[in-house]
Amino acid sequence: MFSQISNERPEPDKVLTDIANYALSYEVASELAYTTAQYCLMDTLGCGLEALDYPACTKLLGPIVPGTVVPHGAKVPGTTFQLDPVQAAFNIGAMIRWLDFNDTWLAAEWGHPSDNLGGILATADWLSRTAVANGQEPLRIRQVLTAMIKAHEIQGCIALENSFNRVGLDHVVLVKVASTAVVSELLRLSREQTIAALSLAWVDGQSLRTYRHAPNTGSRKSWAAGDATSRAVRLALMARTGEMGYPSALTAKTWGFYDVSFHGQEFRFQRGYGTYVMENVLFKISYPAEFHAQTAVEAAIKVHRQLAVRGLNASSIRSITVRTHEACLRIIDKKGLLANPADRDHCLQYMIAIPLIFGRLTAADYEDQVAADPAWGPRIDAIRDRIACVEEPAFTADYHDPEKRSIANALRVELNDGTVLDETVEYPIGHRRRREEGLPLLVEKFTTNLRRRYAEERQREILEVSLDRKRLESMPVNEYVDLYVP
């Protein structure tokens with residue numbers, strides 16, 4: 001029987017109002033969150049600078065219409081582009097994510113909260129340049145850090161209990177939602193306008209995970225977050241004009257997000273919004289590897305060293321058993337042909353084989369020059385074929401434990417002579433439990449990436465201000481971004 005639905009406009013969904021209230025009104029007081037955001041800003045921009053070495057990334061950058069320059073537009077670090085904030089957000093977001101080397105959040109839904117910097121920095125820079133041109137005060141980097149903390153929190157808290165990948169949707173939906181919220185605050189939208197913008201983000205068609213999984217794994221996974229954060233800027237700008245929203249975008253029967261895309265289930269929340277996610281975010285410091293593999297790579301490096309001490313190499317390996325957590329098996333346990341770099345950097349076996357053979361794992365190791373090399377390619381594939389992956393239930397439990405949030409992997413390597421080498425790594429170098437050990441290495445990573453693009457004096461200038469939080473926070477956004485222009 002057909003049942004008529006009331007046309008009375010409902011109150012906005014609580015999920016929308018909670019996000020809007022947090023984005024517009026929450027006062028961040030955590031010094032740890034701000035300090036972590038400071039390092040996150042450095043690391044995220046550094047990842048973008050490294051990506052500029054890859055033509056597959058740079059071919060997507062620049063204005064939509066070649067030669068277009070936007071007066072008072074946002075500048076794209078490491079390039080000479082000055083663009084409207086929507087296209088600048090795509091450029092910056094694509095650079096950040098290209099090499100899978102920026103920060104990570106692991107929960108029921110995994111993702112990379114610093115992907116939101118594309119929309120945040122582009123909007124803040126554009127607003128600042130426009131303000132200066134009109135004789136007004138620009139935004140300060142403190143506001144960028146605040147927006148980063150809030151974007152991390154929105155994306156991460158929704159991800160804690162809600163798995164979008166299980167319904168076939170990509171995690172970048174959360175980048176779009178989080179970026180929409182904090183960009184709305186930067187644009188000084190009203191609460192009603194912010195809720196409208198958020199509803200537009202949820203009503204949008206959401207990206208399928210097709211491009212992250214066999215047999216379709218491809219480079220869209222490297223620009224999907226740029227697409228999401230730029231779309232957020234576009235939707236927030238539309239809401240600023242007074243464009244209407246859709247108050248029950250999530251809960252509307254039949255037509256809302258829950259019924260259409262989430263199997264009729266409402267979101268669950270483990271905690272309210274605060275500063276938890278930024279304080280506990282995971283940095284990728286040593287290896288450009290999908291984060292579920294970080295500890296496996298670290299363990300493989302240790303095995304490589306043990307082999308070297310014995311005067312042996314990877315050809316001495318008979319078999320490898322990897323005990324891991326369920327999420328790792330679901331995402332990156334992969335056999336068979338690997339078609340491209342995007343396929344390889346989401347293959348656990350490949351990310352173990354490279355360090356076992358070479359004692360390293362760099363972004364260049366995913367390229368055809370290594371994988372298709374006639375001397376090395378067959379050796380890599382031979383090691384991959386000897387790797388068997390199994391779930392360790394205790395690792396899965398600790399992965400979801402909010403007090404541990406471990407990402408454990410254990411390698412049991414049997415050699416041809418029967419010798420067995422065991423290496424277990426529970427927490428990767430970028431984990432909060434290893435912050436003291438990791439931050440100096442993160443600064444070293446940032447310094448290396450600055451060296452790729454700038455002369456020594458400019459490197460020193462960027463590094464000095466970036467490491468001085470008080471000076472950094474007070475710096476106009478446009479002046480800080482100008483440091484990154486070649």
# chains A, B, ... in the order shown; residues from 1 in each chain; ligands from 1

$ closest_atom_pairs --of "stretch 208-325 of chain A" --to "stretch 443-450 of chain A" --cutoff "12 Å" --atoms "only C-alpha atoms" --output "tab-separated table"
residue	atom	partner	partner_atom	distance
A:Phe283	CA	A:Lys445	CA	11.2
A:Lys284	CA	A:Lys445	CA	9.9
A:Ile285	CA	A:Lys445	CA	7.0
A:Ser286	CA	A:Lys445	CA	8.1
A:Tyr287	CA	A:Lys445	CA	10.3
A:Pro288	CA	A:Lys445	CA	11.3

$ residues_around --residues "stretch 137-143 of chain A" --least-positions-apart "2" --cutoff "10 Å" --atoms "only C-alpha atoms" --output "PyMOL selection string"
chain A and resi 34+37-38+41+120-121+124-135+145-149+185-186+469-481

$ residues_around --residues "stretch 58-69 of chain A" --least-positions-apart "4" --cutoff "8 Å" --atoms "only C-alpha atoms" --output "VMD selection string"
chain A and resid 51 to 54 73 81 to 83 87 to 88 91

$ write_last_selection --atoms "C-alpha atoms" --output "PDB file, in the first residue's frame"
ATOM      1  CA  ALA A  51      54.399  14.396  -5.145  1.00  0.00           C
ATOM      2  CA  LEU A  52      55.503  17.147  -7.550  1.00  0.00           C
ATOM      3  CA  ASP A  53      58.289  14.798  -8.653  1.00  0.00           C
ATOM      4  CA  TYR A  54      55.677  12.539 -10.271  1.00  0.00           C
ATOM      5  CA  GLY A  73      43.336  33.565  -5.670  1.00  0.00           C
ATOM      6  CA  PHE A  81      49.624  28.413  -9.902  1.00  0.00           C
ATOM      7  CA  GLN A  82      47.209  30.953  -8.407  1.00  0.00           C
ATOM      8  CA  LEU A  83      43.669  29.608  -8.648  1.00  0.00           C
ATOM      9  CA  GLN A  87      40.416  24.345  -8.033  1.00  0.00           C
ATOM     10  CA  ALA A  88      43.231  25.218  -5.620  1.00  0.00           C
ATOM     11  CA  ASN A  91      45.380  20.804  -6.549  1.00  0.00           C
TER      12      ASN A  91
END

$ residues_around --residues "A:Lys221" --least-positions-apart "3" --cutoff "9 Å" --atoms "only C-alpha atoms" --output "PyMOL selection string"
chain A and resi 97-98+209+211-212+217-218+224-225+342

$ residues_around --residues "stretch 235-238 of chain A" --least-positions-apart "5" --cutoff "7 Å" --atoms "only C-alpha atoms" --output "NGL selection string"
:A and (180 or 183-184 or 197 or 200 or 243)

$ select_by_dssp --residues "stretch 129-328 of chain A" --states "helix (DSSP H, G or I)" --output "number ranges by chain"
A: 129-133, 141-161, 165-167, 172-186, 191-203, 209-212, 220-240, 257-261, 276-280, 291-309, 314-316, 326-328

$ write_last_selection --atoms "C-alpha atoms" --output "mmCIF file, in the first residue's frame"
data_model
loop_
_atom_site.group_PDB
_atom_site.id
_atom_site.type_symbol
_atom_site.label_atom_id
_atom_site.label_comp_id
_atom_site.auth_asym_id
_atom_site.auth_seq_id
_atom_site.Cartn_x
_atom_site.Cartn_y
_atom_site.Cartn_z
ATOM 1 C CA ARG A 129 44.713 37.640 -0.119
ATOM 2 C CA THR A 130 41.283 39.123 -0.738
ATOM 3 C CA ALA A 131 41.287 40.756 2.691
ATOM 4 C CA VAL A 132 44.751 42.271 2.195
ATOM 5 C CA ALA A 133 43.710 43.624 -1.224
ATOM 6 C CA ILE A 141 47.892 30.167 10.601
ATOM 7 C CA ARG A 142 46.344 29.653 14.056
ATOM 8 C CA GLN A 143 42.962 29.553 12.277
ATOM 9 C CA VAL A 144 44.299 26.975 9.823
ATOM 10 C CA LEU A 145 45.508 24.779 12.695
ATOM 11 C CA THR A 146 42.153 25.130 14.442
ATOM 12 C CA ALA A 147 40.334 24.118 11.272
ATOM 13 C CA MET A 148 42.672 21.139 10.883
ATOM 14 C CA ILE A 149 41.977 19.986 14.454
ATOM 15 C CA LYS A 150 38.225 20.217 13.880
ATOM 16 C CA ALA A 151 38.319 18.525 10.481
ATOM 17 C CA HIS A 152 40.375 15.684 11.942
ATOM 18 C CA GLU A 153 37.844 15.350 14.759
ATOM 19 C CA ILE A 154 34.747 15.321 12.549
ATOM 20 C CA GLN A 155 36.171 12.807 10.100
ATOM 21 C CA GLY A 156 37.738 10.638 12.787
ATOM 22 C CA CYS A 157 34.828 10.526 15.239
ATOM 23 C CA ILE A 158 32.338 9.511 12.554
ATOM 24 C CA ALA A 159 34.828 6.880 11.380
ATOM 25 C CA LEU A 160 35.203 5.290 14.819
ATOM 26 C CA GLU A 161 31.965 3.300 14.691
ATOM 27 C CA ASN A 165 33.783 0.639 3.029
ATOM 28 C CA ARG A 166 31.474 -2.215 4.087
ATOM 29 C CA VAL A 167 28.695 -0.665 2.009
ATOM 30 C CA VAL A 172 36.544 10.420 1.120
ATOM 31 C CA VAL A 173 32.858 11.070 1.877
ATOM 32 C CA LEU A 174 34.126 12.012 5.340
ATOM 33 C CA VAL A 175 36.705 14.364 3.850
ATOM 34 C CA LYS A 176 33.910 16.107 1.989
ATOM 35 C CA VAL A 177 31.764 16.422 5.125
ATOM 36 C CA ALA A 178 34.588 17.521 7.439
ATOM 37 C CA SER A 179 35.970 20.025 4.921
ATOM 38 C CA THR A 180 32.494 21.438 4.343
ATOM 39 C CA ALA A 181 32.072 22.050 8.063
ATOM 40 C CA VAL A 182 35.369 23.815 8.710
ATOM 41 C CA VAL A 183 35.369 25.760 5.422
ATOM 42 C CA SER A 184 31.903 27.022 6.393
ATOM 43 C CA GLU A 185 33.426 28.366 9.590
ATOM 44 C CA LEU A 186 36.294 30.028 7.715
ATOM 45 C CA ARG A 191 24.568 28.082 11.636
ATOM 46 C CA GLU A 192 21.671 27.664 9.208
ATOM 47 C CA GLN A 193 23.969 28.065 6.196
ATOM 48 C CA THR A 194 26.479 25.597 7.647
ATOM 49 C CA ILE A 195 23.774 22.992 8.208
ATOM 50 C CA ALA A 196 22.597 23.560 4.643
ATOM 51 C CA ALA A 197 26.130 23.064 3.315
ATOM 52 C CA LEU A 198 26.530 19.858 5.328
ATOM 53 C CA SER A 199 23.244 18.517 4.026
ATOM 54 C CA LEU A 200 24.415 19.208 0.480
ATOM 55 C CA ALA A 201 27.559 17.177 1.194
ATOM 56 C CA TRP A 202 25.545 14.171 2.380
ATOM 57 C CA VAL A 203 23.016 14.443 -0.470
ATOM 58 C CA ARG A 209 35.611 2.274 -3.616
ATOM 59 C CA THR A 210 35.958 0.652 -7.052
ATOM 60 C CA TYR A 211 39.272 2.366 -7.705
ATOM 61 C CA ARG A 212 40.856 1.018 -4.507
ATOM 62 C CA ARG A 220 41.887 7.885 -8.851
ATOM 63 C CA LYS A 221 42.573 6.806 -5.278
ATOM 64 C CA SER A 222 45.370 9.381 -5.313
ATOM 65 C CA TRP A 223 43.153 12.315 -6.330
ATOM 66 C CA ALA A 224 39.835 11.260 -4.796
ATOM 67 C CA ALA A 225 40.467 13.234 -1.603
ATOM 68 C CA GLY A 226 41.403 16.320 -3.617
ATOM 69 C CA ASP A 227 38.103 15.954 -5.423
ATOM 70 C CA ALA A 228 36.230 15.603 -2.122
ATOM 71 C CA THR A 229 37.826 18.570 -0.338
ATOM 72 C CA SER A 230 37.372 20.809 -3.407
ATOM 73 C CA ARG A 231 33.727 19.789 -3.651
ATOM 74 C CA ALA A 232 33.349 20.830 -0.020
ATOM 75 C CA VAL A 233 34.585 24.337 -0.833
ATOM 76 C CA ARG A 234 32.140 24.515 -3.729
ATOM 77 C CA LEU A 235 29.184 23.471 -1.577
ATOM 78 C CA ALA A 236 30.078 25.869 1.235
ATOM 79 C CA LEU A 237 30.308 28.732 -1.269
ATOM 80 C CA MET A 238 26.891 27.771 -2.632
ATOM 81 C CA ALA A 239 25.430 27.786 0.870
ATOM 82 C CA ARG A 240 26.930 31.249 1.407
ATOM 83 C CA PHE A 257 21.500 8.697 2.994
ATOM 84 C CA TYR A 258 20.775 6.025 5.595
ATOM 85 C CA ASP A 259 18.194 4.199 3.479
ATOM 86 C CA VAL A 260 19.890 4.708 0.118
ATOM 87 C CA SER A 261 23.546 4.181 1.024
ATOM 88 C CA TYR A 276 40.846 13.247 20.427
ATOM 89 C CA VAL A 277 41.622 12.537 16.772
ATOM 90 C CA MET A 278 44.378 15.087 16.233
ATOM 91 C CA GLU A 279 45.967 14.077 19.520
ATOM 92 C CA ASN A 280 46.032 10.421 18.470
ATOM 93 C CA PHE A 291 49.050 2.270 7.037
ATOM 94 C CA HIS A 292 47.863 -1.245 7.818
ATOM 95 C CA ALA A 293 51.205 -2.383 6.375
ATOM 96 C CA GLN A 294 53.474 0.053 8.226
ATOM 97 C CA THR A 295 54.421 -2.361 11.003
ATOM 98 C CA ALA A 296 54.829 -5.192 8.492
ATOM 99 C CA VAL A 297 57.326 -3.078 6.546
ATOM 100 C CA GLU A 298 59.183 -2.228 9.739
ATOM 101 C CA ALA A 299 59.331 -5.929 10.641
ATOM 102 C CA ALA A 300 60.548 -6.815 7.136
ATOM 103 C CA ILE A 301 63.381 -4.262 7.438
ATOM 104 C CA LYS A 302 64.442 -5.983 10.667
ATOM 105 C CA VAL A 303 64.391 -9.374 8.963
ATOM 106 C CA HIS A 304 66.492 -7.971 6.115
ATOM 107 C CA ARG A 305 69.087 -6.868 8.675
ATOM 108 C CA GLN A 306 69.074 -10.286 10.330
ATOM 109 C CA LEU A 307 69.676 -11.905 6.947
ATOM 110 C CA ALA A 308 72.554 -9.520 6.226
ATOM 111 C CA VAL A 309 74.220 -10.389 9.548
ATOM 112 C CA ALA A 314 65.933 -12.789 0.400
ATOM 113 C CA SER A 315 66.669 -15.742 -1.897
ATOM 114 C CA SER A 316 67.350 -17.733 1.279
ATOM 115 C CA GLU A 326 41.310 -8.186 9.935
ATOM 116 C CA ALA A 327 41.284 -4.749 8.297
ATOM 117 C CA CYS A 328 44.688 -5.408 6.771
#

$ atom_distance --atom1 "atom CA of A:Ile407" --atom2 "atom CA of A:Ile387"
18.9 Å

$ closest_residue --among "A:Ala33, A:Ile19, A:Leu411, A:Ala289" --to "A:Ala364" --atoms "only C-alpha atoms"
A:Ala289

$ residues_around --residues "A:Arg405" --least-positions-apart "6" --cutoff "12 Å" --atoms "only C-alpha atoms" --output "JSON, numbers by chain"
{"A": [104, 105, 106, 107, 108, 160, 277, 280, 281, 282, 292, 325, 395, 396, 397, 398, 399, 426, 427, 428, 431, 432, 433]}

$ select_by_dssp --residues "stretch 305-450 of chain A" --states "strand (DSSP E or B)" --output "VMD selection string"
chain A and resid 317 to 324 387 to 391 409 to 415 420 to 425

$ residues_around --residues "A:Ala122" --least-positions-apart "4" --cutoff "6 Å" --atoms "only C-alpha atoms" --output "compact mmCIF listing (two decimals) with N, CA and C atoms, in the first residue's frame"
# COMPACT_ATOMS: atom_id res chain seq x y z
N ALA A 74 44.02 31.61 -4.44
CA ALA A 74 44.87 30.80 -3.58
C ALA A 74 46.05 30.27 -4.38
N PRO A 85 39.50 29.16 -5.22
CA PRO A 85 39.68 28.27 -4.07
C PRO A 85 39.21 26.83 -4.32
N ALA A 88 42.03 25.28 -6.47
CA ALA A 88 43.23 25.22 -5.62
C ALA A 88 43.10 24.10 -4.60
N ALA A 89 41.90 23.91 -4.04
CA ALA A 89 41.69 22.83 -3.08
C ALA A 89 41.93 21.48 -3.73

$ decode --residues "stretch 357-485 of chain A" --atoms "C-alpha atoms" --output "mmCIF file, in the first residue's frame"
data_model
loop_
_atom_site.group_PDB
_atom_site.id
_atom_site.type_symbol
_atom_site.label_atom_id
_atom_site.label_comp_id
_atom_site.auth_asym_id
_atom_site.auth_seq_id
_atom_site.Cartn_x
_atom_site.Cartn_y
_atom_site.Cartn_z
ATOM 1 C CA ILE A 357 65.078 -7.700 -0.929
ATOM 2 C CA PHE A 358 66.404 -4.137 -0.793
ATOM 3 C CA GLY A 359 66.193 -3.144 2.881
ATOM 4 C CA ARG A 360 64.082 -0.082 1.983
ATOM 5 C CA LEU A 361 60.661 1.047 0.785
ATOM 6 C CA THR A 362 60.329 4.363 -1.072
ATOM 7 C CA ALA A 363 57.663 5.852 -3.326
ATOM 8 C CA ALA A 364 59.862 5.086 -6.328
ATOM 9 C CA ASP A 365 59.729 1.367 -5.492
ATOM 10 C CA TYR A 366 56.102 1.245 -6.637
ATOM 11 C CA GLU A 367 56.964 2.496 -10.118
ATOM 12 C CA ASP A 368 57.468 0.311 -13.207
ATOM 13 C CA GLN A 369 61.207 1.012 -13.162
ATOM 14 C CA VAL A 370 61.450 -1.328 -10.163
ATOM 15 C CA ALA A 371 58.437 -3.632 -10.481
ATOM 16 C CA ALA A 372 58.938 -4.339 -14.191
ATOM 17 C CA ASP A 373 62.714 -4.458 -14.116
ATOM 18 C CA PRO A 374 63.742 -7.764 -15.748
ATOM 19 C CA ALA A 375 66.302 -8.419 -13.020
ATOM 20 C CA TRP A 376 64.217 -7.472 -9.979
ATOM 21 C CA GLY A 377 60.587 -7.984 -11.006
ATOM 22 C CA PRO A 378 60.739 -11.806 -10.969
ATOM 23 C CA ARG A 379 62.507 -11.775 -7.587
ATOM 24 C CA ILE A 380 59.820 -9.516 -6.113
ATOM 25 C CA ASP A 381 57.068 -11.785 -7.439
ATOM 26 C CA ALA A 382 58.847 -14.873 -6.116
ATOM 27 C CA ILE A 383 58.896 -13.431 -2.602
ATOM 28 C CA ARG A 384 55.253 -12.365 -2.881
ATOM 29 C CA ASP A 385 54.300 -15.923 -3.798
ATOM 30 C CA ARG A 386 55.930 -17.239 -0.615
ATOM 31 C CA ILE A 387 53.865 -14.992 1.685
ATOM 32 C CA ALA A 388 50.741 -16.304 3.434
ATOM 33 C CA CYS A 389 48.591 -13.952 5.529
ATOM 34 C CA VAL A 390 46.351 -15.008 8.423
ATOM 35 C CA GLU A 391 44.291 -13.073 10.940
ATOM 36 C CA GLU A 392 45.502 -12.852 14.534
ATOM 37 C CA PRO A 393 42.305 -12.158 16.574
ATOM 38 C CA ALA A 394 44.263 -10.434 19.350
ATOM 39 C CA PHE A 395 45.712 -7.989 16.801
ATOM 40 C CA THR A 396 42.217 -7.224 15.511
ATOM 41 C CA ALA A 397 40.941 -6.606 19.046
ATOM 42 C CA ASP A 398 43.822 -4.264 19.877
ATOM 43 C CA TYR A 399 43.314 -2.441 16.575
ATOM 44 C CA HIS A 400 39.810 -1.440 17.715
ATOM 45 C CA ASP A 401 40.688 -0.831 21.389
ATOM 46 C CA PRO A 402 40.483 2.983 21.875
ATOM 47 C CA GLU A 403 43.200 2.815 24.548
ATOM 48 C CA LYS A 404 45.633 0.925 22.316
ATOM 49 C CA ARG A 405 44.761 1.567 18.646
ATOM 50 C CA SER A 406 47.621 -0.720 17.645
ATOM 51 C CA ILE A 407 48.346 -1.777 14.041
ATOM 52 C CA ALA A 408 50.289 -4.950 14.732
ATOM 53 C CA ASN A 409 51.922 -7.281 12.223
ATOM 54 C CA ALA A 410 54.107 -10.313 12.927
ATOM 55 C CA LEU A 411 56.401 -11.952 10.380
ATOM 56 C CA ARG A 412 57.504 -15.585 10.730
ATOM 57 C CA VAL A 413 60.219 -16.174 8.138
ATOM 58 C CA GLU A 414 61.443 -19.724 7.511
ATOM 59 C CA LEU A 415 64.771 -20.020 5.709
ATOM 60 C CA ASN A 416 65.831 -22.782 3.358
ATOM 61 C CA ASP A 417 68.015 -24.344 6.084
ATOM 62 C CA GLY A 418 65.080 -24.528 8.502
ATOM 63 C CA THR A 419 66.040 -21.468 10.563
ATOM 64 C CA VAL A 420 63.046 -19.379 11.669
ATOM 65 C CA LEU A 421 63.194 -15.589 12.124
ATOM 66 C CA ASP A 422 60.366 -13.897 14.023
ATOM 67 C CA GLU A 423 59.681 -10.165 14.112
ATOM 68 C CA THR A 424 56.596 -8.499 15.608
ATOM 69 C CA VAL A 425 55.912 -4.763 15.555
ATOM 70 C CA GLU A 426 52.813 -3.596 17.401
ATOM 71 C CA TYR A 427 52.948 0.190 17.056
ATOM 72 C CA PRO A 428 54.420 1.957 14.003
ATOM 73 C CA ILE A 429 56.917 4.780 14.339
ATOM 74 C CA GLY A 430 54.185 7.387 13.720
ATOM 75 C CA HIS A 431 51.932 6.202 16.560
ATOM 76 C CA ARG A 432 51.204 8.437 19.550
ATOM 77 C CA ARG A 433 52.955 5.889 21.777
ATOM 78 C CA ARG A 434 56.153 6.544 19.787
ATOM 79 C CA ARG A 435 55.800 10.335 19.355
ATOM 80 C CA GLU A 436 59.062 11.190 21.108
ATOM 81 C CA GLU A 437 60.905 8.821 18.803
ATOM 82 C CA GLY A 438 58.943 9.843 15.706
ATOM 83 C CA LEU A 439 58.817 13.653 15.681
ATOM 84 C CA PRO A 440 62.528 14.235 14.994
ATOM 85 C CA LEU A 441 62.218 11.833 12.061
ATOM 86 C CA LEU A 442 59.110 13.669 10.867
ATOM 87 C CA VAL A 443 61.081 16.935 10.830
ATOM 88 C CA GLU A 444 63.831 15.146 8.915
ATOM 89 C CA LYS A 445 61.234 13.945 6.385
ATOM 90 C CA PHE A 446 59.925 17.522 6.015
ATOM 91 C CA THR A 447 63.449 18.862 5.557
ATOM 92 C CA THR A 448 64.123 16.287 2.839
ATOM 93 C CA ASN A 449 60.971 17.341 1.010
ATOM 94 C CA LEU A 450 61.872 21.046 1.243
ATOM 95 C CA ARG A 451 65.247 20.200 -0.268
ATOM 96 C CA ARG A 452 63.487 18.818 -3.347
ATOM 97 C CA ARG A 453 62.103 22.229 -4.322
ATOM 98 C CA TYR A 454 63.943 25.135 -2.699
ATOM 99 C CA ALA A 455 67.339 26.711 -2.319
ATOM 100 C CA GLU A 456 69.039 26.413 1.042
ATOM 101 C CA GLU A 457 68.057 29.867 2.299
ATOM 102 C CA ARG A 458 64.368 29.287 1.559
ATOM 103 C CA GLN A 459 64.505 25.841 3.162
ATOM 104 C CA ARG A 460 65.888 27.370 6.324
ATOM 105 C CA GLU A 461 63.270 30.157 6.322
ATOM 106 C CA ILE A 462 60.355 27.718 5.996
ATOM 107 C CA LEU A 463 61.749 25.325 8.567
ATOM 108 C CA GLU A 464 62.467 28.008 11.162
ATOM 109 C CA VAL A 465 58.985 29.493 11.112
ATOM 110 C CA SER A 466 57.303 26.087 10.900
ATOM 111 C CA LEU A 467 59.084 24.839 14.023
ATOM 112 C CA ASP A 468 58.374 28.021 16.035
ATOM 113 C CA ARG A 469 54.718 27.484 16.938
ATOM 114 C CA LYS A 470 54.136 30.936 18.419
ATOM 115 C CA ARG A 471 55.557 32.665 15.373
ATOM 116 C CA LEU A 472 53.825 30.260 13.001
ATOM 117 C CA GLU A 473 50.393 30.733 14.561
ATOM 118 C CA SER A 474 50.588 34.517 14.308
ATOM 119 C CA MET A 475 51.764 34.536 10.685
ATOM 120 C CA PRO A 476 49.285 35.648 7.990
ATOM 121 C CA VAL A 477 48.208 32.663 5.906
ATOM 122 C CA ASN A 478 49.122 34.334 2.623
ATOM 123 C CA GLU A 479 52.631 35.126 3.844
ATOM 124 C CA TYR A 480 53.238 31.561 4.962
ATOM 125 C CA VAL A 481 51.959 30.142 1.667
ATOM 126 C CA ASP A 482 54.176 32.630 -0.241
ATOM 127 C CA LEU A 483 57.195 30.923 1.318
ATOM 128 C CA TYR A 484 56.309 27.823 -0.706
ATOM 129 C CA VAL A 485 56.119 29.587 -4.058
#
